[in-house]
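The structure under discussion appears below in the form of structure tokens.
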Amino acid sequence: MIDRDPAQATASLGVVEDSARTAVEELRRMLGTLRADDAGGPSDGPDSAPSTAGLGRLPELVDAVRTAGHAADLVVVGDERPVPPTVGAVAFRIAQEAVTNVLKHAGPTARADVRLRYLDDGIEVEVADDGHGERAVRRASGSGLGHVGMRERVAAVGGRVEIGPRARGGYLVRAWLPTT
């Protein structure tokens, strides 16, 4: 895409860069919190501030996809309610990684749909692309570490995740995360 549409490539890379920066920041905060807990002391200070990545940032994530030149929508189903901060952070990171994969692998004309469902016993976050991008047939050239990271995050909170191609084309990431 860099040769064909430099402005579009720049916008897409900006979104990927922001995602990476957020992930590093969250990891730094998590390590700071774990170190403080291991030392038996309080976890105060700038490195232990709670992550701002949560469900409230999903609209910002979808706006970033649009800024990168892709059609995108966010749909919230059910009655919104507070969820445990860890679950909210995991849901956001799953959506962020899945959206990054749409930008990287689905082609410049792919559409991203993000859904958040509030269920009785949990939440479900889903990101799907429509399979209509120029490179909609996925190549196995990626490292797969994004999928591994999503699976690990979901497992850490006792959830379930489904990742893979959709029967009608495109790709789907859907994670159920418990809130009780």
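By convention in this document, the chains of the structure tokens carry letters A, B, ... by their order, each chain's residues are numbered from 1, and ligands are numbered from 1 in the order they are shown.
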Could you give me, as a ChimeraX atom specification, the residues within 12 Å of range 77-82 of chain A, counting only C-alpha atoms and dropping anything in the same chain fewer than 5 positions from it? /A:54-56,87-88,114-126,179-180
10 Å contact set for Ala7 in chain A, only C-alpha atoms, chain neighbours under 6 positions out, as a ChimeraX atom specification: /A:1,13,68-69
What's around range 161-171 of chain A at 7 Å? Count only C-alpha atoms, leave out sequence neighbours fewer than 2 positions away in its own chain, and write the answer as a PDB file with C-alpha atoms, in the first residue's frame.
```pdb
ATOM      1  CA  ALA A 128     -15.269  -8.850  12.109  1.00  0.00           C
ATOM      2  CA  ASP A 129     -14.169  -7.696   8.715  1.00  0.00           C
ATOM      3  CA  ASP A 130     -16.255  -8.165   5.614  1.00  0.00           C
ATOM      4  CA  GLY A 131     -13.746 -10.084   3.535  1.00  0.00           C
ATOM      5  CA  ALA A 136      -9.154 -10.764   1.908  1.00  0.00           C
ATOM      6  CA  ARG A 151      -5.922 -16.208  23.783  1.00  0.00           C
ATOM      7  CA  VAL A 154      -8.944 -14.220  27.565  1.00  0.00           C
ATOM      8  CA  GLY A 159     -13.165 -16.419  29.168  1.00  0.00           C
ATOM      9  CA  VAL A 173     -12.539 -12.470  16.553  1.00  0.00           C
ATOM     10  CA  ARG A 174     -15.168 -13.033  19.270  1.00  0.00           C
ATOM     11  CA  ALA A 175     -14.386 -13.217  22.976  1.00  0.00           C
ATOM     12  CA  TRP A 176     -16.723 -13.932  25.880  1.00  0.00           C
TER      13      TRP A 176
END
```
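Residue neighbourhood of Asp73 in chain A, excluding near-sequence residues (fewer than 4 positions): Pro59, Val62, Asp63, Arg66, Arg111, Ala112, Asp113, Val114 and Arg115 of chain A, at 9 Å, using only C-alpha atoms.
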Could you save the residues just selected, with N, CA and C atoms, as a compact mmCIF listing (two decimals), in the first residue's frame?
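What follows is the written file part_25.txt:
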```
# COMPACT_ATOMS: atom_id res chain seq x y z
N PRO A 59 -15.26 3.52 21.27
CA PRO A 59 -15.57 4.50 20.21
C PRO A 59 -14.32 5.17 19.64
N VAL A 62 -12.72 2.75 17.15
CA VAL A 62 -13.45 2.73 15.88
C VAL A 62 -13.17 4.01 15.09
N ASP A 63 -13.08 5.14 15.77
CA ASP A 63 -12.74 6.40 15.09
C ASP A 63 -11.34 6.31 14.46
N ARG A 66 -11.55 4.54 11.21
CA ARG A 66 -12.09 5.45 10.18
C ARG A 66 -11.01 6.43 9.72
N ARG A 111 -13.98 -3.51 5.59
CA ARG A 111 -14.82 -2.86 6.59
C ARG A 111 -14.64 -3.60 7.92
N ALA A 112 -14.58 -2.85 9.01
CA ALA A 112 -14.45 -3.45 10.35
C ALA A 112 -15.72 -3.17 11.15
N ASP A 113 -16.31 -4.21 11.69
CA ASP A 113 -17.47 -4.07 12.56
C ASP A 113 -17.08 -4.52 13.96
N VAL A 114 -17.28 -3.64 14.93
CA VAL A 114 -16.97 -3.93 16.33
C VAL A 114 -18.29 -3.99 17.08
N ARG A 115 -18.48 -5.07 17.84
CA ARG A 115 -19.71 -5.23 18.62
C ARG A 115 -19.35 -5.52 20.07
```
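For the set A:Arg160, A:His147, A:Arg153, A:His70, the residue with the smallest atom-to-atom gap to Gly107 in chain A is A:His70, counting only C-alpha atoms.
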Sorted by chain and rising residue number, list the residues of range 64-180 of chain A at most 7 Å from range 15-24 of chain A (counting only C-alpha atoms), each with its closest atom pair and distance in Å to one decimal, as CSV.
```
residue,atom,partner,partner_atom,distance
A:Ala64,CA,A:Val15,CA,6.4
A:Ala68,CA,A:Val15,CA,6.9
A:Gln96,CA,A:Ser19,CA,6.8
A:Thr100,CA,A:Val16,CA,6.1
```
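As for CA of Ile2 in chain A and CA of Ala72 in chain A, they are spaced 21.6 Å apart.
Of the residues under consideration (A:Leu103, A:Leu177, A:Ala156, A:Leu61), A:Leu177 shows the shortest atom-to-atom contact distance to Ala91 in chain A when counting only C-alpha atoms.
For the residues A:Val83, A:Val99, A:Leu74, A:Ala89, ranking by smallest atom-to-atom distance to Ser12 in chain A using only C-alpha atoms places A:Val99 first.
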Which residue is closest to Pro108 in chain A? Choose from A:Leu172, A:Gly14, A:Val65, A:Thr86 and count only C-alpha atoms. A:Val65
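Closest to Ala155 in chain A among A:Ile94, A:Thr10, A:Leu58, A:Val102 is A:Ile94, based on only C-alpha atoms.
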